[in-house]
2 protein chains.
Amino acid sequence: MEPNRLKEHLKIRPLEVADFGRGYLTLLSQLTKVGDVSKEAFQKQFEKMRSSGSYYVTVIEDCNTNKVVGTATLFTEYKMVHNARKRGRVEDVVVDDEYRGQKLGNVLIETLKKLAVHEDCYKLTLDCNDEMIAWYNRFGFIVEPGRSNFLTIRLES
Amino acid sequence: MEPNRLKEHLKIRPLEVADFGRGYLTLLSQLTKVGDVSKEAFQKQFEKMRSSGSYYVTVIEDCNTNKVVGTATLFTEYKMVHNARKRGRVEDVVVDDEYRGQKLGNVLIETLKKLAVHEDCYKLTLDCNDEMIAWYNRFGFIVEPGRSNFLTIRLES
C-alpha cells in the first residue's frame, strides 16, 4: 500500500479541549448517539482520558475551516497476561460525510497502528458493523476463526 | 435465575498484590499465554491498574488453600459519545479446572454486571470463543445482528 498523505490544509493531531468548539461532537454524531454533552462535561471527560495516559484520541482538522473532519481513538488496556503488556483497541472511527473518498480513514487507522506498536501492544482489536469488515481487512485486521465473537448487553435505562 | 451463592470457604473480592503468591497468574495461564511475569512486573502493572480507577479485577479465593480459583475483570472506558458515559468490558474470565461446576463463573459475571450498572456504563461487551457464546447468553449478553464483528491484528514479534 502506498503511504497515505494528507492535503496541506489537513492536520492530524491529538484531540484538544478546544475541539469542543471545532465540531468534534457533531462529527461523532455521524457515528453514534452523542446526546447532550456540555462543554464542562466534555472538559471533565477529556481530563480523565488525558490523565490516564491510555487514550490516543486522534483527530484530523481542516485548517481552512477550523473544523474536526475525522477522528479515531486508540485505547490501551493494561494486562497481566501476555507478559503484562498492553492490549490496544480501535474505537470511535469516523470521517465527515463531506470528506469521504480522501483516504482520511486510512491515515487515521495507519496512525493508530503505529501508536499501538510504539505502545508495545501485543494485539490491536476492534468491533464493527458488517459493512466495515472489508475496509478493516485492508489494514490487516481479520476475523480469527473460532474466537471472534462479540457480545453485548445494553445497560441504558 | 436463582441468586448464586458461594460456599463458605470461598470469598469474592478485588485483586490484591499478595495474589501474586496465591496462584493468580497460574490461574490466568489456564485461559491464555501469561509468559514470564516477575513479582516486580506484577506489582507495577497492579499499581497502574489500581491508580487508573478503571479496572475491577475480581477474584475468588479458596480460604482453605489460600489460592485464587476464579477471576474476571470489568474494565471501564471513558467515552465522549453516549452522554460522555462509560463503556464496560468483561475481560479475562477463568475458573480453575478443579472448581468447575460450582457456578463460580456465574457469581463472577453477575458481580461484574452489578459493578457496570453501579459505574453507570451504557453497555457491557466482551469477546469470546465460539464455545462460550451459549454460556454468556444466559446472562443476557447477545450477538447483535449486523454489528457484532470482532477483528484482530496480532502485533507480537
# chains A, B, ... in the order shown; residues from 1 in each chain; ligands from 1
$ residues_around --residues "Val94 (chain B)" --least-positions-apart "6" --cutoff "9 Å" --atoms "only C-alpha atoms" --output "list in words"
Leu27, Leu28, Gln30, Leu31, Val69, Gly70, Thr71, Ala72 and Gly105 of chain B
$ interface_residues --of "chain B" --to "chain A" --cutoff "8 Å" --atoms "only C-alpha atoms" --output "VMD selection string"
chain B and resid 25 28 to 29 32 to 37 41 to 42 45 48 to 49 52 78 to 84 117 121 to 130 133 140 to 144 146 to 156
$ write_last_selection --atoms "C-alpha atoms" --output "short mmCIF file (atom, residue, chain, number, x, y, z; two decimals), in the first residue's frame"
data_model
loop_
_atom_site.label_atom_id
_atom_site.label_comp_id
_atom_site.auth_asym_id
_atom_site.auth_seq_id
_atom_site.Cartn_x
_atom_site.Cartn_y
_atom_site.Cartn_z
CA LEU B 25 -1.04 -15.91 37.26
CA LEU B 28 -4.75 -17.00 34.16
CA SER B 29 -2.48 -19.43 32.33
CA THR B 32 -4.19 -17.75 27.74
CA LYS B 33 -0.46 -17.22 27.50
CA VAL B 34 0.86 -15.41 30.57
CA GLY B 35 4.59 -15.58 29.95
CA ASP B 36 7.25 -14.69 32.46
CA VAL B 37 5.80 -12.01 34.76
CA ALA B 41 6.32 -6.52 36.92
CA PHE B 42 3.10 -7.75 38.55
CA GLN B 45 1.04 -3.38 36.47
CA LYS B 48 -1.14 1.17 37.11
CA MET B 49 -4.49 -0.62 37.05
CA SER B 52 -6.38 4.44 36.93
CA TYR B 78 -14.37 6.77 29.17
CA LYS B 79 -16.42 7.86 26.18
CA MET B 80 -17.43 11.19 24.70
CA VAL B 81 -20.34 9.53 22.91
CA HIS B 82 -23.46 8.37 24.76
CA ASN B 83 -23.57 11.45 27.01
CA ALA B 84 -19.89 11.11 27.97
CA VAL B 117 -24.51 -0.70 36.43
CA CYS B 121 -21.91 2.09 31.94
CA TYR B 122 -24.25 2.41 28.95
CA LYS B 123 -23.26 -1.02 27.70
CA LEU B 124 -21.17 -4.00 28.67
CA THR B 125 -19.39 -6.02 25.99
CA LEU B 126 -17.00 -8.92 25.64
CA ASP B 127 -15.34 -11.05 23.00
CA CYS B 128 -15.17 -14.81 23.30
CA ASN B 129 -14.60 -18.18 21.65
CA ASP B 130 -17.44 -19.98 19.85
CA ILE B 133 -21.44 -17.92 23.41
CA GLY B 140 -28.14 -11.55 28.77
CA PHE B 141 -25.13 -10.98 26.50
CA ILE B 142 -26.21 -11.28 22.87
CA VAL B 143 -24.70 -11.18 19.40
CA GLU B 144 -26.42 -8.09 17.97
CA GLY B 146 -25.19 -6.72 11.79
CA ARG B 147 -22.97 -5.01 14.32
CA SER B 148 -21.14 -7.71 16.22
CA ASN B 149 -17.96 -8.32 14.28
CA PHE B 150 -14.71 -8.70 16.17
CA LEU B 151 -11.44 -8.14 14.30
CA THR B 152 -7.83 -8.54 15.41
CA ILE B 153 -4.27 -7.76 14.37
CA ARG B 154 -1.58 -9.63 16.30
CA LEU B 155 1.37 -7.33 16.90
CA GLU B 156 3.65 -9.78 18.68
#
$ atom_distance --atom1 "CA of Leu104 (chain B)" --atom2 "CA of Glu61 (chain B)"
10.6 Å
$ select_by_dssp --residues "chain B" --states "strand (DSSP E or B)" --output "number ranges by chain"
B: 10-14, 55-62, 67-78, 86-95, 121-128, 142, 149-154
$ write_last_selection --atoms "C-alpha atoms" --output "short mmCIF file (atom, residue, chain, number, x, y, z; two decimals), in the first residue's frame"
data_model
loop_
_atom_site.label_atom_id
_atom_site.label_comp_id
_atom_site.auth_asym_id
_atom_site.auth_seq_id
_atom_site.Cartn_x
_atom_site.Cartn_y
_atom_site.Cartn_z
CA LEU B 10 -14.86 -19.18 49.05
CA LYS B 11 -14.53 -15.40 49.11
CA ILE B 12 -15.06 -12.92 46.26
CA ARG B 13 -13.04 -9.71 46.46
CA PRO B 14 -10.82 -7.31 44.44
CA TYR B 55 -10.15 -1.84 36.46
CA TYR B 56 -12.25 -4.06 38.69
CA VAL B 57 -10.09 -7.16 38.77
CA THR B 58 -12.27 -9.53 40.77
CA VAL B 59 -11.09 -12.82 42.25
CA ILE B 60 -12.50 -15.74 44.19
CA GLU B 61 -10.15 -17.14 46.83
CA ASP B 62 -10.44 -20.54 48.45
CA LYS B 67 -5.40 -19.99 46.33
CA VAL B 68 -7.15 -17.80 43.79
CA VAL B 69 -9.55 -20.15 41.99
CA GLY B 70 -11.55 -17.77 39.80
CA THR B 71 -11.20 -14.34 38.27
CA ALA B 72 -12.90 -11.89 35.92
CA THR B 73 -12.18 -8.25 35.16
CA LEU B 74 -14.51 -5.36 34.47
CA PHE B 75 -12.75 -2.64 32.62
CA THR B 76 -14.49 0.72 32.12
CA GLU B 77 -13.62 3.04 29.25
CA TYR B 78 -14.37 6.77 29.17
CA LYS B 86 -18.61 4.84 30.26
CA ARG B 87 -18.50 1.61 28.35
CA GLY B 88 -17.79 -1.58 30.29
CA ARG B 89 -15.87 -4.62 29.11
CA VAL B 90 -15.64 -8.08 30.57
CA GLU B 91 -12.12 -9.46 30.31
CA ASP B 92 -10.00 -12.40 31.44
CA VAL B 93 -12.68 -14.68 32.85
CA VAL B 94 -11.39 -18.00 34.16
CA VAL B 95 -12.32 -20.55 36.81
CA CYS B 121 -21.91 2.09 31.94
CA TYR B 122 -24.25 2.41 28.95
CA LYS B 123 -23.26 -1.02 27.70
CA LEU B 124 -21.17 -4.00 28.67
CA THR B 125 -19.39 -6.02 25.99
CA LEU B 126 -17.00 -8.92 25.64
CA ASP B 127 -15.34 -11.05 23.00
CA CYS B 128 -15.17 -14.81 23.30
CA ILE B 142 -26.21 -11.28 22.87
CA ASN B 149 -17.96 -8.32 14.28
CA PHE B 150 -14.71 -8.70 16.17
CA LEU B 151 -11.44 -8.14 14.30
CA THR B 152 -7.83 -8.54 15.41
CA ILE B 153 -4.27 -7.76 14.37
CA ARG B 154 -1.58 -9.63 16.30
#
$ atom_distance --atom1 "CA of Thr111 (chain B)" --atom2 "CA of Asp97 (chain B)"
20.5 Å
$ select_by_dssp --residues "chain B" --states "alpha helix (DSSP H)" --output "number ranges by chain"
B: 24-28, 39-52, 81-84, 104-118, 133-137
$ write_last_selection --atoms "C-alpha atoms" --output "PDB file, in the first residue's frame"
ATOM      1  CA  TYR B  24      -3.325 -15.706  40.282  1.00  0.00           C
ATOM      2  CA  LEU B  25      -1.036 -15.909  37.256  1.00  0.00           C
ATOM      3  CA  THR B  26      -1.118 -19.712  37.226  1.00  0.00           C
ATOM      4  CA  LEU B  27      -4.906 -19.453  37.090  1.00  0.00           C
ATOM      5  CA  LEU B  28      -4.751 -16.995  34.161  1.00  0.00           C
ATOM      6  CA  LYS B  39       6.730 -10.136  41.115  1.00  0.00           C
ATOM      7  CA  GLU B  40       8.018  -6.632  40.337  1.00  0.00           C
ATOM      8  CA  ALA B  41       6.317  -6.524  36.924  1.00  0.00           C
ATOM      9  CA  PHE B  42       3.101  -7.753  38.550  1.00  0.00           C
ATOM     10  CA  GLN B  43       3.244  -5.067  41.249  1.00  0.00           C
ATOM     11  CA  LYS B  44       3.979  -2.364  38.689  1.00  0.00           C
ATOM     12  CA  GLN B  45       1.037  -3.377  36.471  1.00  0.00           C
ATOM     13  CA  PHE B  46      -1.217  -3.790  39.511  1.00  0.00           C
ATOM     14  CA  GLU B  47      -0.415  -0.228  40.599  1.00  0.00           C
ATOM     15  CA  LYS B  48      -1.137   1.166  37.107  1.00  0.00           C
ATOM     16  CA  MET B  49      -4.489  -0.617  37.054  1.00  0.00           C
ATOM     17  CA  ARG B  50      -5.354   0.450  40.594  1.00  0.00           C
ATOM     18  CA  SER B  51      -4.435   4.106  40.187  1.00  0.00           C
ATOM     19  CA  SER B  52      -6.382   4.441  36.931  1.00  0.00           C
ATOM     20  CA  VAL B  81     -20.341   9.527  22.906  1.00  0.00           C
ATOM     21  CA  HIS B  82     -23.461   8.365  24.764  1.00  0.00           C
ATOM     22  CA  ASN B  83     -23.568  11.446  27.006  1.00  0.00           C
ATOM     23  CA  ALA B  84     -19.893  11.111  27.969  1.00  0.00           C
ATOM     24  CA  LEU B 104     -18.192 -19.642  40.318  1.00  0.00           C
ATOM     25  CA  GLY B 105     -18.333 -18.184  36.801  1.00  0.00           C
ATOM     26  CA  ASN B 106     -21.944 -17.142  37.390  1.00  0.00           C
ATOM     27  CA  VAL B 107     -21.007 -15.329  40.584  1.00  0.00           C
ATOM     28  CA  LEU B 108     -18.171 -13.529  38.799  1.00  0.00           C
ATOM     29  CA  ILE B 109     -20.261 -12.401  35.808  1.00  0.00           C
ATOM     30  CA  GLU B 110     -23.250 -11.342  37.915  1.00  0.00           C
ATOM     31  CA  THR B 111     -20.870  -9.347  40.114  1.00  0.00           C
ATOM     32  CA  LEU B 112     -19.311  -7.579  37.104  1.00  0.00           C
ATOM     33  CA  LYS B 113     -22.769  -6.782  35.732  1.00  0.00           C
ATOM     34  CA  LYS B 114     -23.703  -5.113  39.020  1.00  0.00           C
ATOM     35  CA  LEU B 115     -20.447  -3.177  39.068  1.00  0.00           C
ATOM     36  CA  ALA B 116     -21.053  -1.995  35.476  1.00  0.00           C
ATOM     37  CA  VAL B 117     -24.510  -0.695  36.435  1.00  0.00           C
ATOM     38  CA  HIS B 118     -23.018   0.956  39.526  1.00  0.00           C
ATOM     39  CA  ILE B 133     -21.444 -17.922  23.406  1.00  0.00           C
ATOM     40  CA  ALA B 134     -24.261 -20.021  24.906  1.00  0.00           C
ATOM     41  CA  TRP B 135     -22.835 -19.559  28.395  1.00  0.00           C
ATOM     42  CA  TYR B 136     -22.728 -15.764  28.073  1.00  0.00           C
ATOM     43  CA  ASN B 137     -26.236 -15.739  26.546  1.00  0.00           C
TER      44      ASN B 137
END
$ decode --residues "region 40-73 of chain B" --atoms "N, CA, C and O atoms" --output "PDB file, in the first residue's frame"
ATOM      1  N   GLU B  40       7.883  -8.086  40.525  1.00  0.00           N
ATOM      2  CA  GLU B  40       8.018  -6.632  40.337  1.00  0.00           C
ATOM      3  C   GLU B  40       7.134  -6.149  39.184  1.00  0.00           C
ATOM      4  O   GLU B  40       6.467  -5.113  39.286  1.00  0.00           O
ATOM      5  N   ALA B  41       7.142  -6.900  38.081  1.00  0.00           N
ATOM      6  CA  ALA B  41       6.317  -6.524  36.924  1.00  0.00           C
ATOM      7  C   ALA B  41       4.831  -6.578  37.297  1.00  0.00           C
ATOM      8  O   ALA B  41       4.034  -5.726  36.903  1.00  0.00           O
ATOM      9  N   PHE B  42       4.486  -7.602  38.094  1.00  0.00           N
ATOM     10  CA  PHE B  42       3.101  -7.753  38.550  1.00  0.00           C
ATOM     11  C   PHE B  42       2.691  -6.546  39.401  1.00  0.00           C
ATOM     12  O   PHE B  42       1.627  -5.943  39.196  1.00  0.00           O
ATOM     13  N   GLN B  43       3.546  -6.195  40.351  1.00  0.00           N
ATOM     14  CA  GLN B  43       3.244  -5.067  41.249  1.00  0.00           C
ATOM     15  C   GLN B  43       3.097  -3.763  40.480  1.00  0.00           C
ATOM     16  O   GLN B  43       2.214  -2.955  40.757  1.00  0.00           O
ATOM     17  N   LYS B  44       3.982  -3.592  39.492  1.00  0.00           N
ATOM     18  CA  LYS B  44       3.979  -2.364  38.689  1.00  0.00           C
ATOM     19  C   LYS B  44       2.667  -2.256  37.893  1.00  0.00           C
ATOM     20  O   LYS B  44       2.020  -1.207  37.875  1.00  0.00           O
ATOM     21  N   GLN B  45       2.273  -3.372  37.260  1.00  0.00           N
ATOM     22  CA  GLN B  45       1.037  -3.377  36.471  1.00  0.00           C
ATOM     23  C   GLN B  45      -0.184  -3.226  37.390  1.00  0.00           C
ATOM     24  O   GLN B  45      -1.113  -2.487  37.071  1.00  0.00           O
ATOM     25  N   PHE B  46      -0.127  -3.897  38.534  1.00  0.00           N
ATOM     26  CA  PHE B  46      -1.217  -3.790  39.511  1.00  0.00           C
ATOM     27  C   PHE B  46      -1.435  -2.332  39.903  1.00  0.00           C
ATOM     28  O   PHE B  46      -2.567  -1.849  39.952  1.00  0.00           O
ATOM     29  N   GLU B  47      -0.338  -1.628  40.158  1.00  0.00           N
ATOM     30  CA  GLU B  47      -0.415  -0.228  40.599  1.00  0.00           C
ATOM     31  C   GLU B  47      -0.978   0.663  39.487  1.00  0.00           C
ATOM     32  O   GLU B  47      -1.778   1.566  39.748  1.00  0.00           O
ATOM     33  N   LYS B  48      -0.588   0.398  38.233  1.00  0.00           N
ATOM     34  CA  LYS B  48      -1.137   1.166  37.107  1.00  0.00           C
ATOM     35  C   LYS B  48      -2.650   0.956  37.001  1.00  0.00           C
ATOM     36  O   LYS B  48      -3.412   1.899  36.781  1.00  0.00           O
ATOM     37  N   MET B  49      -3.071  -0.300  37.140  1.00  0.00           N
ATOM     38  CA  MET B  49      -4.489  -0.617  37.054  1.00  0.00           C
ATOM     39  C   MET B  49      -5.252   0.029  38.213  1.00  0.00           C
ATOM     40  O   MET B  49      -6.308   0.622  38.024  1.00  0.00           O
ATOM     41  N   ARG B  50      -4.685  -0.074  39.409  1.00  0.00           N
ATOM     42  CA  ARG B  50      -5.354   0.450  40.594  1.00  0.00           C
ATOM     43  C   ARG B  50      -5.499   1.973  40.500  1.00  0.00           C
ATOM     44  O   ARG B  50      -6.579   2.519  40.713  1.00  0.00           O
ATOM     45  N   SER B  51      -4.408   2.642  40.163  1.00  0.00           N
ATOM     46  CA  SER B  51      -4.435   4.106  40.187  1.00  0.00           C
ATOM     47  C   SER B  51      -5.316   4.685  39.078  1.00  0.00           C
ATOM     48  O   SER B  51      -5.815   5.803  39.199  1.00  0.00           O
ATOM     49  N   SER B  52      -5.525   3.940  38.013  1.00  0.00           N
ATOM     50  CA  SER B  52      -6.382   4.441  36.931  1.00  0.00           C
ATOM     51  C   SER B  52      -7.851   4.476  37.354  1.00  0.00           C
ATOM     52  O   SER B  52      -8.639   5.234  36.799  1.00  0.00           O
ATOM     53  N   GLY B  53      -8.226   3.632  38.303  1.00  0.00           N
ATOM     54  CA  GLY B  53      -9.614   3.577  38.750  1.00  0.00           C
ATOM     55  C   GLY B  53     -10.566   2.954  37.740  1.00  0.00           C
ATOM     56  O   GLY B  53     -11.782   3.005  37.917  1.00  0.00           O
ATOM     57  N   SER B  54     -10.031   2.342  36.694  1.00  0.00           N
ATOM     58  CA  SER B  54     -10.882   1.808  35.622  1.00  0.00           C
ATOM     59  C   SER B  54     -10.970   0.281  35.606  1.00  0.00           C
ATOM     60  O   SER B  54     -11.693  -0.281  34.798  1.00  0.00           O
ATOM     61  N   TYR B  55     -10.216  -0.377  36.482  1.00  0.00           N
ATOM     62  CA  TYR B  55     -10.155  -1.845  36.464  1.00  0.00           C
ATOM     63  C   TYR B  55     -10.749  -2.439  37.734  1.00  0.00           C
ATOM     64  O   TYR B  55     -10.301  -2.112  38.837  1.00  0.00           O
ATOM     65  N   TYR B  56     -11.730  -3.293  37.570  1.00  0.00           N
ATOM     66  CA  TYR B  56     -12.255  -4.064  38.689  1.00  0.00           C
ATOM     67  C   TYR B  56     -11.813  -5.506  38.484  1.00  0.00           C
ATOM     68  O   TYR B  56     -12.553  -6.307  37.937  1.00  0.00           O
ATOM     69  N   VAL B  57     -10.582  -5.790  38.886  1.00  0.00           N
ATOM     70  CA  VAL B  57     -10.094  -7.163  38.775  1.00  0.00           C
ATOM     71  C   VAL B  57     -10.623  -7.916  39.982  1.00  0.00           C
ATOM     72  O   VAL B  57     -10.259  -7.623  41.117  1.00  0.00           O
ATOM     73  N   THR B  58     -11.532  -8.841  39.712  1.00  0.00           N
ATOM     74  CA  THR B  58     -12.273  -9.529  40.769  1.00  0.00           C
ATOM     75  C   THR B  58     -11.774 -10.973  40.863  1.00  0.00           C
ATOM     76  O   THR B  58     -11.570 -11.621  39.839  1.00  0.00           O
ATOM     77  N   VAL B  59     -11.572 -11.439  42.081  1.00  0.00           N
ATOM     78  CA  VAL B  59     -11.091 -12.818  42.246  1.00  0.00           C
ATOM     79  C   VAL B  59     -11.948 -13.557  43.267  1.00  0.00           C
ATOM     80  O   VAL B  59     -12.591 -12.944  44.120  1.00  0.00           O
ATOM     81  N   ILE B  60     -11.925 -14.880  43.146  1.00  0.00           N
ATOM     82  CA  ILE B  60     -12.498 -15.736  44.191  1.00  0.00           C
ATOM     83  C   ILE B  60     -11.346 -16.522  44.807  1.00  0.00           C
ATOM     84  O   ILE B  60     -10.573 -17.166  44.083  1.00  0.00           O
ATOM     85  N   GLU B  61     -11.212 -16.410  46.118  1.00  0.00           N
ATOM     86  CA  GLU B  61     -10.155 -17.140  46.827  1.00  0.00           C
ATOM     87  C   GLU B  61     -10.761 -18.301  47.604  1.00  0.00           C
ATOM     88  O   GLU B  61     -11.833 -18.160  48.199  1.00  0.00           O
ATOM     89  N   ASP B  62     -10.077 -19.430  47.569  1.00  0.00           N
ATOM     90  CA  ASP B  62     -10.436 -20.541  48.451  1.00  0.00           C
ATOM     91  C   ASP B  62      -9.652 -20.338  49.750  1.00  0.00           C
ATOM     92  O   ASP B  62      -8.420 -20.480  49.769  1.00  0.00           O
ATOM     93  N   CYS B  63     -10.349 -19.974  50.808  1.00  0.00           N
ATOM     94  CA  CYS B  63      -9.681 -19.619  52.065  1.00  0.00           C
ATOM     95  C   CYS B  63      -9.098 -20.845  52.780  1.00  0.00           C
ATOM     96  O   CYS B  63      -8.296 -20.703  53.699  1.00  0.00           O
ATOM     97  N   ASN B  64      -9.488 -22.025  52.349  1.00  0.00           N
ATOM     98  CA  ASN B  64      -8.882 -23.237  52.916  1.00  0.00           C
ATOM     99  C   ASN B  64      -7.480 -23.457  52.382  1.00  0.00           C
ATOM    100  O   ASN B  64      -6.611 -23.979  53.080  1.00  0.00           O
ATOM    101  N   THR B  65      -7.269 -23.069  51.128  1.00  0.00           N
ATOM    102  CA  THR B  65      -5.969 -23.335  50.492  1.00  0.00           C
ATOM    103  C   THR B  65      -5.195 -22.045  50.220  1.00  0.00           C
ATOM    104  O   THR B  65      -4.049 -22.090  49.804  1.00  0.00           O
ATOM    105  N   ASN B  66      -5.864 -20.896  50.431  1.00  0.00           N
ATOM    106  CA  ASN B  66      -5.266 -19.594  50.087  1.00  0.00           C
ATOM    107  C   ASN B  66      -4.840 -19.506  48.630  1.00  0.00           C
ATOM    108  O   ASN B  66      -3.789 -18.948  48.314  1.00  0.00           O
ATOM    109  N   LYS B  67      -5.654 -20.072  47.769  1.00  0.00           N
ATOM    110  CA  LYS B  67      -5.402 -19.989  46.332  1.00  0.00           C
ATOM    111  C   LYS B  67      -6.533 -19.220  45.642  1.00  0.00           C
ATOM    112  O   LYS B  67      -7.691 -19.340  46.034  1.00  0.00           O
ATOM    113  N   VAL B  68      -6.163 -18.456  44.636  1.00  0.00           N
ATOM    114  CA  VAL B  68      -7.153 -17.796  43.788  1.00  0.00           C
ATOM    115  C   VAL B  68      -7.666 -18.836  42.793  1.00  0.00           C
ATOM    116  O   VAL B  68      -6.881 -19.444  42.060  1.00  0.00           O
ATOM    117  N   VAL B  69      -8.987 -19.062  42.785  1.00  0.00           N
ATOM    118  CA  VAL B  69      -9.552 -20.147  41.987  1.00  0.00           C
ATOM    119  C   VAL B  69     -10.504 -19.648  40.889  1.00  0.00           C
ATOM    120  O   VAL B  69     -11.022 -20.431  40.096  1.00  0.00           O
ATOM    121  N   GLY B  70     -10.718 -18.341  40.867  1.00  0.00           N
ATOM    122  CA  GLY B  70     -11.546 -17.770  39.801  1.00  0.00           C
ATOM    123  C   GLY B  70     -11.250 -16.295  39.666  1.00  0.00           C
ATOM    124  O   GLY B  70     -10.863 -15.641  40.649  1.00  0.00           O
ATOM    125  N   THR B  71     -11.400 -15.778  38.457  1.00  0.00           N
ATOM    126  CA  THR B  71     -11.200 -14.339  38.265  1.00  0.00           C
ATOM    127  C   THR B  71     -11.957 -13.842  37.034  1.00  0.00           C
ATOM    128  O   THR B  71     -12.210 -14.610  36.088  1.00  0.00           O
ATOM    129  N   ALA B  72     -12.310 -12.578  37.070  1.00  0.00           N
ATOM    130  CA  ALA B  72     -12.902 -11.893  35.918  1.00  0.00           C
ATOM    131  C   ALA B  72     -12.670 -10.403  36.137  1.00  0.00           C
ATOM    132  O   ALA B  72     -12.642  -9.942  37.280  1.00  0.00           O
ATOM    133  N   THR B  73     -12.466  -9.687  35.061  1.00  0.00           N
ATOM    134  CA  THR B  73     -12.176  -8.252  35.162  1.00  0.00           C
ATOM    135  C   THR B  73     -13.237  -7.436  34.448  1.00  0.00           C
ATOM    136  O   THR B  73     -13.613  -7.751  33.322  1.00  0.00           O
TER     137      THR B  73
END
